[in-house]
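**Student:** The structure is given below, and queries will be raised subsequently.
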Amino acid sequence: MAGGLVALLDDVAALAKLAAASLDDVAGAAGRAGTKAAGVVIDDTAVTPRYVTGLSPDRELPIIGKIALGSLRNKLLFLLPGALALSAWAEWAITPLLMIGGAYLCFEGTEKVIEAVTGAHHAEEVVEITDPKALEDRQVSGAVRTDFILSAEIMAIALAELPHLSIAIQAAVLALVGIAITVGVYGVVALIVKMDDVGLHLAQRQAAAARSVGRGLVAAMPVLLRALAVIGTAAMIWVGGGILVHGLEGLGWGTIAHWLHDASETAGHAVPAGGAIVAWVVTALGSAVVGLVVGGVIAGVMHLVPHKK
């Protein structure tokens, strides 16, 4: 009886060690996968605040909450099972699908650059919505659709970092990455959109220091939103171009990737202090150039296609 109990305890200890090792694998893989997806995360964070701009301040946080729930639904109910199915039965399709998403990011980013340079804008149907709930639903729906594309890129990038892991660990890592990124992105977005309210509250305080900080926050909000728009556009182009470059390399066409690698290495060695940062900047700029070229070609083709009014 005692021997059986000891054996049982040994089995429990072995299972505990296995579980701990699995958790370490999940945490480590999630960290690596999340880092790879950082560019898309920046883009997601920069894009979302525009969906609550101009709406009632007391509805900003509820709207962000709805978008965050939609984002979780995108990742956990649709994209995660789809990613696991691809990993199990069509792993060859991951890179092409990732490149299609990268091309879309390049196109969206380049369109924003073209609009900024020419002053032209997408032809959109102007719809007057007087019902606040209908307007809110429309904004949430648009944000969740945009999030689906960005979330698909995040999950695909994360999955590409997990080819050697079991299906169960892949599922756990993708779920962890999806939840962590969603909480992080929409937590930051909530802080950004409420910053002006915090500033107004502080500006009404009696303490001079608090009033000064409050006025500074209120004045900084328009600058911050403009900066986020620029960062979001740059991230779209840089990330999309980088995805295409690495995708081509994975498919056997590594010339551009090798050029960028050699250029970044040369630039990094030329600047001993901060060489790693310089090398990263060169790689990012090279990826952005690729993104602009691809995005420009797609934008040109799209503009030649007749659109139904």
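By convention in this document, the chains of the structure tokens carry letters A, B, ... by their order, each chain's residues are numbered from 1, and ligands are numbered from 1 in the order they are shown.
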Name the residues in contact with Ala103 (chain A) at a cut-off of 7 Å, using only C-alpha atoms, excluding same-chain residues fewer than 3 positions from it; report them as a VMD selection string.
**Tutor:** chain A and resid 99 to 100 106 to 107 240 294 to 295
**Student:** Per residue of region 157-261 of chain A within 10 Å of region 65-88 of chain A, record the nearest atom pair and its distance in Å to one decimal, counting only C-alpha atoms, with rows in chain order and ascending residue number, as JSON lines.
**Tutor:**
{"residue": "A:Ala158", "atom": "CA", "partner": "A:Ala83", "partner_atom": "CA", "distance": 9.7}
{"residue": "A:Leu159", "atom": "CA", "partner": "A:Ala83", "partner_atom": "CA", "distance": 7.1}
{"residue": "A:Ala160", "atom": "CA", "partner": "A:Ser87", "partner_atom": "CA", "distance": 9.0}
{"residue": "A:Leu162", "atom": "CA", "partner": "A:Ser87", "partner_atom": "CA", "distance": 9.3}
{"residue": "A:Pro163", "atom": "CA", "partner": "A:Ser87", "partner_atom": "CA", "distance": 7.8}
{"residue": "A:Ser166", "atom": "CA", "partner": "A:Ala88", "partner_atom": "CA", "distance": 9.8}
{"residue": "A:Ile167", "atom": "CA", "partner": "A:Leu84", "partner_atom": "CA", "distance": 7.1}
{"residue": "A:Ala168", "atom": "CA", "partner": "A:Leu84", "partner_atom": "CA", "distance": 9.4}
{"residue": "A:Gln170", "atom": "CA", "partner": "A:Leu84", "partner_atom": "CA", "distance": 7.5}
{"residue": "A:Ala171", "atom": "CA", "partner": "A:Leu84", "partner_atom": "CA", "distance": 7.0}
{"residue": "A:Ala172", "atom": "CA", "partner": "A:Leu80", "partner_atom": "CA", "distance": 9.8}
{"residue": "A:Leu174", "atom": "CA", "partner": "A:Leu80", "partner_atom": "CA", "distance": 6.7}
{"residue": "A:Ala175", "atom": "CA", "partner": "A:Leu76", "partner_atom": "CA", "distance": 6.5}
{"residue": "A:Leu176", "atom": "CA", "partner": "A:Leu76", "partner_atom": "CA", "distance": 9.8}
{"residue": "A:Val177", "atom": "CA", "partner": "A:Lys75", "partner_atom": "CA", "distance": 9.5}
{"residue": "A:Gly178", "atom": "CA", "partner": "A:Lys75", "partner_atom": "CA", "distance": 6.1}
{"residue": "A:Ile179", "atom": "CA", "partner": "A:Leu72", "partner_atom": "CA", "distance": 6.8}
{"residue": "A:Ile181", "atom": "CA", "partner": "A:Leu72", "partner_atom": "CA", "distance": 9.6}
{"residue": "A:Thr182", "atom": "CA", "partner": "A:Ala68", "partner_atom": "CA", "distance": 6.5}
{"residue": "A:Val183", "atom": "CA", "partner": "A:Ala68", "partner_atom": "CA", "distance": 7.6}
{"residue": "A:Val185", "atom": "CA", "partner": "A:Ala68", "partner_atom": "CA", "distance": 8.7}
{"residue": "A:Tyr186", "atom": "CA", "partner": "A:Ala68", "partner_atom": "CA", "distance": 6.2}
{"residue": "A:Gly187", "atom": "CA", "partner": "A:Ala68", "partner_atom": "CA", "distance": 9.1}
{"residue": "A:Ala190", "atom": "CA", "partner": "A:Gly65", "partner_atom": "CA", "distance": 8.8}
**Student:** Compile the contact shell of Val213 (chain A) as a PDB file with all heavy atoms, in the first residue's frame: residues with an atom at most 12 Å away, counting only C-alpha atoms, same-chain residues fewer than 3 positions apart removed.
**Tutor:**
ATOM      1  N   MET A 195      -7.367  60.463 -22.186  1.00  0.00           N
ATOM      2  CA  MET A 195      -6.333  61.356 -21.686  1.00  0.00           C
ATOM      3  C   MET A 195      -6.831  62.796 -21.597  1.00  0.00           C
ATOM      4  O   MET A 195      -6.501  63.532 -20.661  1.00  0.00           O
ATOM      5  CB  MET A 195      -5.086  61.280 -22.586  1.00  0.00           C
ATOM      6  CG  MET A 195      -3.890  62.044 -22.031  1.00  0.00           C
ATOM      7  SD  MET A 195      -2.450  61.973 -23.136  1.00  0.00           S
ATOM      8  CE  MET A 195      -2.098  60.221 -23.127  1.00  0.00           C
ATOM      9  N   ASP A 196      -7.639  63.204 -22.583  1.00  0.00           N
ATOM     10  CA  ASP A 196      -8.126  64.586 -22.537  1.00  0.00           C
ATOM     11  C   ASP A 196      -9.085  64.791 -21.376  1.00  0.00           C
ATOM     12  O   ASP A 196      -9.106  65.861 -20.753  1.00  0.00           O
ATOM     13  CB  ASP A 196      -8.784  64.974 -23.860  1.00  0.00           C
ATOM     14  CG  ASP A 196      -9.869  63.991 -24.278  1.00  0.00           C
ATOM     15  OD1 ASP A 196      -9.967  62.927 -23.651  1.00  0.00           O
ATOM     16  OD2 ASP A 196     -10.610  64.301 -25.232  1.00  0.00           O
ATOM     17  N   VAL A 198      -8.941  63.193 -18.510  1.00  0.00           N
ATOM     18  CA  VAL A 198      -8.074  63.287 -17.331  1.00  0.00           C
ATOM     19  C   VAL A 198      -7.458  64.676 -17.247  1.00  0.00           C
ATOM     20  O   VAL A 198      -7.372  65.288 -16.172  1.00  0.00           O
ATOM     21  CB  VAL A 198      -6.973  62.207 -17.390  1.00  0.00           C
ATOM     22  CG1 VAL A 198      -5.961  62.405 -16.255  1.00  0.00           C
ATOM     23  CG2 VAL A 198      -7.582  60.812 -17.310  1.00  0.00           C
ATOM     24  N   GLY A 199      -7.038  65.190 -18.410  1.00  0.00           N
ATOM     25  CA  GLY A 199      -6.452  66.529 -18.437  1.00  0.00           C
ATOM     26  C   GLY A 199      -7.434  67.592 -17.996  1.00  0.00           C
ATOM     27  O   GLY A 199      -7.094  68.495 -17.219  1.00  0.00           O
ATOM     28  N   LEU A 200      -8.691  67.507 -18.472  1.00  0.00           N
ATOM     29  CA  LEU A 200      -9.703  68.479 -18.062  1.00  0.00           C
ATOM     30  C   LEU A 200      -9.976  68.399 -16.560  1.00  0.00           C
ATOM     31  O   LEU A 200     -10.142  69.434 -15.886  1.00  0.00           O
ATOM     32  CB  LEU A 200     -11.008  68.217 -18.833  1.00  0.00           C
ATOM     33  CG  LEU A 200     -11.003  68.629 -20.299  1.00  0.00           C
ATOM     34  CD1 LEU A 200     -12.280  68.147 -20.992  1.00  0.00           C
ATOM     35  CD2 LEU A 200     -10.860  70.141 -20.449  1.00  0.00           C
ATOM     36  N   HIS A 201      -9.987  67.173 -16.030  1.00  0.00           N
ATOM     37  CA  HIS A 201     -10.207  67.008 -14.593  1.00  0.00           C
ATOM     38  C   HIS A 201      -9.070  67.653 -13.801  1.00  0.00           C
ATOM     39  O   HIS A 201      -9.310  68.359 -12.805  1.00  0.00           O
ATOM     40  CB  HIS A 201     -10.315  65.520 -14.258  1.00  0.00           C
ATOM     41  CG  HIS A 201     -10.473  65.242 -12.795  1.00  0.00           C
ATOM     42  ND1 HIS A 201     -11.637  65.506 -12.104  1.00  0.00           N
ATOM     43  CD2 HIS A 201      -9.588  64.740 -11.871  1.00  0.00           C
ATOM     44  CE1 HIS A 201     -11.480  65.169 -10.823  1.00  0.00           C
ATOM     45  NE2 HIS A 201     -10.248  64.702 -10.667  1.00  0.00           N
ATOM     46  N   LEU A 202      -7.841  67.411 -14.237  1.00  0.00           N
ATOM     47  CA  LEU A 202      -6.695  67.991 -13.523  1.00  0.00           C
ATOM     48  C   LEU A 202      -6.668  69.506 -13.674  1.00  0.00           C
ATOM     49  O   LEU A 202      -6.278  70.222 -12.742  1.00  0.00           O
ATOM     50  CB  LEU A 202      -5.388  67.398 -14.068  1.00  0.00           C
ATOM     51  CG  LEU A 202      -5.119  65.930 -13.739  1.00  0.00           C
ATOM     52  CD1 LEU A 202      -3.843  65.457 -14.436  1.00  0.00           C
ATOM     53  CD2 LEU A 202      -4.983  65.731 -12.225  1.00  0.00           C
ATOM     54  N   ALA A 203      -7.082  70.014 -14.836  1.00  0.00           N
ATOM     55  CA  ALA A 203      -7.062  71.463 -15.065  1.00  0.00           C
ATOM     56  C   ALA A 203      -8.021  72.201 -14.157  1.00  0.00           C
ATOM     57  O   ALA A 203      -7.878  73.418 -13.948  1.00  0.00           O
ATOM     58  CB  ALA A 203      -7.389  71.759 -16.533  1.00  0.00           C
ATOM     59  N   GLN A 204      -8.988  71.495 -13.579  1.00  0.00           N
ATOM     60  CA  GLN A 204      -9.961  72.120 -12.680  1.00  0.00           C
ATOM     61  C   GLN A 204      -9.557  72.009 -11.211  1.00  0.00           C
ATOM     62  O   GLN A 204     -10.285  72.500 -10.343  1.00  0.00           O
ATOM     63  CB  GLN A 204     -11.333  71.473 -12.896  1.00  0.00           C
ATOM     64  CG  GLN A 204     -11.909  71.722 -14.283  1.00  0.00           C
ATOM     65  CD  GLN A 204     -13.149  70.892 -14.559  1.00  0.00           C
ATOM     66  OE1 GLN A 204     -13.554  70.071 -13.737  1.00  0.00           O
ATOM     67  NE2 GLN A 204     -13.750  71.092 -15.729  1.00  0.00           N
ATOM     68  N   ARG A 205      -8.417  71.373 -10.954  1.00  0.00           N
ATOM     69  CA  ARG A 205      -7.962  71.239  -9.574  1.00  0.00           C
ATOM     70  C   ARG A 205      -7.399  72.563  -9.075  1.00  0.00           C
ATOM     71  O   ARG A 205      -7.038  73.460  -9.859  1.00  0.00           O
ATOM     72  CB  ARG A 205      -6.890  70.152  -9.465  1.00  0.00           C
ATOM     73  CG  ARG A 205      -7.343  68.775  -9.925  1.00  0.00           C
ATOM     74  CD  ARG A 205      -8.337  68.154  -8.979  1.00  0.00           C
ATOM     75  NE  ARG A 205      -7.733  67.829  -7.703  1.00  0.00           N
ATOM     76  CZ  ARG A 205      -7.138  66.667  -7.444  1.00  0.00           C
ATOM     77  NH1 ARG A 205      -7.080  65.720  -8.373  1.00  0.00           N
ATOM     78  NH2 ARG A 205      -6.615  66.431  -6.255  1.00  0.00           N
ATOM     79  N   ALA A 207      -4.600  72.935  -7.191  1.00  0.00           N
ATOM     80  CA  ALA A 207      -3.132  72.957  -7.213  1.00  0.00           C
ATOM     81  C   ALA A 207      -2.645  73.431  -8.579  1.00  0.00           C
ATOM     82  O   ALA A 207      -3.098  72.949  -9.624  1.00  0.00           O
ATOM     83  CB  ALA A 207      -2.582  71.569  -6.907  1.00  0.00           C
ATOM     84  N   ALA A 208      -1.695  74.354  -8.551  1.00  0.00           N
ATOM     85  CA  ALA A 208      -1.172  74.904  -9.804  1.00  0.00           C
ATOM     86  C   ALA A 208      -0.484  73.833 -10.632  1.00  0.00           C
ATOM     87  O   ALA A 208      -0.606  73.811 -11.867  1.00  0.00           O
ATOM     88  CB  ALA A 208      -0.201  76.048  -9.499  1.00  0.00           C
ATOM     89  N   ALA A 209       0.251  72.925  -9.970  1.00  0.00           N
ATOM     90  CA  ALA A 209       0.957  71.877 -10.695  1.00  0.00           C
ATOM     91  C   ALA A 209      -0.029  70.968 -11.426  1.00  0.00           C
ATOM     92  O   ALA A 209       0.182  70.604 -12.591  1.00  0.00           O
ATOM     93  CB  ALA A 209       1.824  71.053  -9.734  1.00  0.00           C
ATOM     94  N   ALA A 210      -1.116  70.604 -10.746  1.00  0.00           N
ATOM     95  CA  ALA A 210      -2.127  69.743 -11.362  1.00  0.00           C
ATOM     96  C   ALA A 210      -2.773  70.438 -12.560  1.00  0.00           C
ATOM     97  O   ALA A 210      -3.001  69.810 -13.612  1.00  0.00           O
ATOM     98  CB  ALA A 210      -3.193  69.358 -10.347  1.00  0.00           C
ATOM     99  N   GLY A 216      -1.496  70.631 -20.105  1.00  0.00           N
ATOM    100  CA  GLY A 216      -0.525  69.984 -20.994  1.00  0.00           C
ATOM    101  C   GLY A 216      -1.101  68.744 -21.664  1.00  0.00           C
ATOM    102  O   GLY A 216      -0.889  68.513 -22.859  1.00  0.00           O
ATOM    103  N   LEU A 217      -1.854  67.953 -20.889  1.00  0.00           N
ATOM    104  CA  LEU A 217      -2.462  66.748 -21.461  1.00  0.00           C
ATOM    105  C   LEU A 217      -3.486  67.099 -22.534  1.00  0.00           C
ATOM    106  O   LEU A 217      -3.539  66.476 -23.600  1.00  0.00           O
ATOM    107  CB  LEU A 217      -3.130  65.925 -20.356  1.00  0.00           C
ATOM    108  CG  LEU A 217      -2.203  65.171 -19.405  1.00  0.00           C
ATOM    109  CD1 LEU A 217      -3.014  64.498 -18.302  1.00  0.00           C
ATOM    110  CD2 LEU A 217      -1.393  64.128 -20.166  1.00  0.00           C
ATOM    111  N   VAL A 218      -4.313  68.113 -22.249  1.00  0.00           N
ATOM    112  CA  VAL A 218      -5.328  68.530 -23.224  1.00  0.00           C
ATOM    113  C   VAL A 218      -4.665  69.025 -24.506  1.00  0.00           C
ATOM    114  O   VAL A 218      -5.092  68.691 -25.623  1.00  0.00           O
ATOM    115  CB  VAL A 218      -6.238  69.610 -22.628  1.00  0.00           C
ATOM    116  CG1 VAL A 218      -7.172  70.165 -23.695  1.00  0.00           C
ATOM    117  CG2 VAL A 218      -7.045  69.048 -21.458  1.00  0.00           C
ATOM    118  N   ALA A 219      -3.605  69.824 -24.344  1.00  0.00           N
ATOM    119  CA  ALA A 219      -2.916  70.348 -25.526  1.00  0.00           C
ATOM    120  C   ALA A 219      -2.184  69.244 -26.290  1.00  0.00           C
ATOM    121  O   ALA A 219      -2.030  69.327 -27.523  1.00  0.00           O
ATOM    122  CB  ALA A 219      -1.915  71.427 -25.097  1.00  0.00           C
ATOM    123  N   ALA A 220      -1.742  68.204 -25.581  1.00  0.00           N
ATOM    124  CA  ALA A 220      -0.965  67.150 -26.223  1.00  0.00           C
ATOM    125  C   ALA A 220      -1.809  66.172 -27.016  1.00  0.00           C
ATOM    126  O   ALA A 220      -1.309  65.494 -27.920  1.00  0.00           O
ATOM    127  CB  ALA A 220      -0.171  66.376 -25.162  1.00  0.00           C
TER     128      ALA A 220
END
**Student:** Which residue, A:Ala156, A:Val113, A:Ala279, A:Leu97, has the smallest gap to Ala229 (chain A) when you use only C-alpha atoms?
**Tutor:**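 Answer, going by the shortest atom-to-atom distance: A:Val113.
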**Student:** Report as number ranges by chain all protein, DNA and RNA residues lying within 12 Å of Leu248 (chain A), evaluated on only C-alpha atoms, omitting residues in the same chain fewer than 3 positions from it.
**Tutor:** A: 95-96, 98-100, 102, 241-245, 251-258, 290
**Student:** What would the file look like if the residues just selected were written as a JSON list (two decimals), in the first residue's frame with N, CA, C and O atoms?
**Tutor:**
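What follows is the written file out-v6.json:
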[["chain", "number", "residue", "atom", "x", "y", "z"],
["A", 95, "THR", "N", 2.58, 30.74, -45.30],
["A", 95, "THR", "CA", 3.39, 31.83, -45.85],
["A", 95, "THR", "C", 2.67, 32.60, -46.95],
["A", 95, "THR", "O", 2.65, 33.84, -46.92],
["A", 96, "PRO", "N", 2.05, 31.94, -47.95],
["A", 96, "PRO", "CA", 1.30, 32.73, -48.95],
["A", 96, "PRO", "C", 0.18, 33.57, -48.36],
["A", 96, "PRO", "O", -0.01, 34.73, -48.76],
["A", 98, "LEU", "N", 0.05, 34.73, -45.33],
["A", 98, "LEU", "CA", 0.70, 35.82, -44.59],
["A", 98, "LEU", "C", 1.13, 36.91, -45.56],
["A", 98, "LEU", "O", 0.99, 38.11, -45.28],
["A", 99, "MET", "N", 1.63, 36.53, -46.72],
["A", 99, "MET", "CA", 2.07, 37.51, -47.71],
["A", 99, "MET", "C", 0.89, 38.29, -48.29],
["A", 99, "MET", "O", 1.02, 39.47, -48.59],
["A", 100, "ILE", "N", -0.25, 37.61, -48.47],
["A", 100, "ILE", "CA", -1.44, 38.32, -48.94],
["A", 100, "ILE", "C", -1.84, 39.40, -47.93],
["A", 100, "ILE", "O", -2.16, 40.54, -48.29],
["A", 102, "GLY", "N", 0.18, 40.80, -45.80],
["A", 102, "GLY", "CA", 1.23, 41.82, -45.86],
["A", 102, "GLY", "C", 1.02, 42.77, -47.01],
["A", 102, "GLY", "O", 1.21, 43.99, -46.88],
["A", 241, "GLY", "N", 5.86, 45.29, -45.77],
["A", 241, "GLY", "CA", 7.04, 45.04, -46.59],
["A", 241, "GLY", "C", 7.93, 43.96, -46.00],
["A", 241, "GLY", "O", 8.46, 43.10, -46.72],
["A", 242, "GLY", "N", 8.10, 43.99, -44.67],
["A", 242, "GLY", "CA", 8.91, 42.97, -44.02],
["A", 242, "GLY", "C", 8.32, 41.57, -44.18],
["A", 242, "GLY", "O", 9.05, 40.59, -44.39],
["A", 243, "ILE", "N", 7.01, 41.46, -44.08],
["A", 243, "ILE", "CA", 6.34, 40.17, -44.26],
["A", 243, "ILE", "C", 6.58, 39.65, -45.68],
["A", 243, "ILE", "O", 6.87, 38.46, -45.89],
["A", 244, "LEU", "N", 6.49, 40.53, -46.67],
["A", 244, "LEU", "CA", 6.72, 40.12, -48.04],
["A", 244, "LEU", "C", 8.16, 39.68, -48.27],
["A", 244, "LEU", "O", 8.41, 38.67, -48.94],
["A", 245, "VAL", "N", 9.10, 40.44, -47.73],
["A", 245, "VAL", "CA", 10.51, 40.09, -47.90],
["A", 245, "VAL", "C", 10.82, 38.72, -47.28],
["A", 245, "VAL", "O", 11.44, 37.85, -47.92],
["A", 251, "LEU", "N", 10.09, 31.25, -49.63],
["A", 251, "LEU", "CA", 9.68, 30.55, -50.86],
["A", 251, "LEU", "C", 10.84, 30.35, -51.82],
["A", 251, "LEU", "O", 10.64, 29.82, -52.92],
["A", 252, "GLY", "N", 12.04, 30.75, -51.39],
["A", 252, "GLY", "CA", 13.21, 30.50, -52.22],
["A", 252, "GLY", "C", 13.72, 31.70, -52.99],
["A", 252, "GLY", "O", 14.71, 31.59, -53.72],
["A", 253, "TRP", "N", 13.04, 32.85, -52.88],
["A", 253, "TRP", "CA", 13.49, 34.07, -53.56],
["A", 253, "TRP", "C", 14.04, 35.04, -52.50],
["A", 253, "TRP", "O", 13.35, 35.98, -52.08],
["A", 254, "GLY", "N", 15.26, 34.79, -52.12],
["A", 254, "GLY", "CA", 15.84, 35.54, -50.99],
["A", 254, "GLY", "C", 16.73, 36.69, -51.37],
["A", 254, "GLY", "O", 17.45, 37.21, -50.50],
["A", 255, "THR", "N", 16.71, 37.11, -52.64],
["A", 255, "THR", "CA", 17.64, 38.16, -53.08],
["A", 255, "THR", "C", 17.44, 39.46, -52.30],
["A", 255, "THR", "O", 18.41, 40.05, -51.80],
["A", 256, "ILE", "N", 16.18, 39.91, -52.19],
["A", 256, "ILE", "CA", 15.92, 41.17, -51.48],
["A", 256, "ILE", "C", 16.30, 41.04, -50.01],
["A", 256, "ILE", "O", 16.91, 41.96, -49.43],
["A", 257, "ALA", "N", 15.96, 39.92, -49.39],
["A", 257, "ALA", "CA", 16.30, 39.71, -47.98],
["A", 257, "ALA", "C", 17.81, 39.74, -47.79],
["A", 257, "ALA", "O", 18.30, 40.32, -46.81],
["A", 258, "HIS", "N", 18.56, 39.14, -48.71],
["A", 258, "HIS", "CA", 20.02, 39.13, -48.60],
["A", 258, "HIS", "C", 20.59, 40.54, -48.78],
["A", 258, "HIS", "O", 21.52, 40.94, -48.08],
["A", 290, "VAL", "N", 10.17, 48.43, -49.91],
["A", 290, "VAL", "CA", 9.47, 47.32, -50.57],
["A", 290, "VAL", "C", 7.96, 47.48, -50.40],
["A", 290, "VAL", "O", 7.19, 47.29, -51.36]]
**Student:** For Val140 (chain A), which residue out of A:Val281, A:Glu265, A:Ile64, A:Gly300 is the nearest one, using only C-alpha atoms?
**Tutor:**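 Among A:Val281, A:Glu265, A:Ile64, A:Gly300, it is A:Ile64 that comes nearest to Val140 (chain A).
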**Student:** Would you mind reading off the distance between CA of Ser151 (chain A) and CA of Val173 (chain A), one decimal, in Å?
**Tutor:**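 That distance, rounded to one decimal, is 14.6 Å.
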**Student:** Just the number, please: distance in Å from CA of Leu292 (chain A) to CA of Ile277 (chain A), one decimal.
**Tutor:**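 If I compute the distance from CA of Leu292 (chain A) to CA of Ile277 (chain A), I get 22.2 Å.
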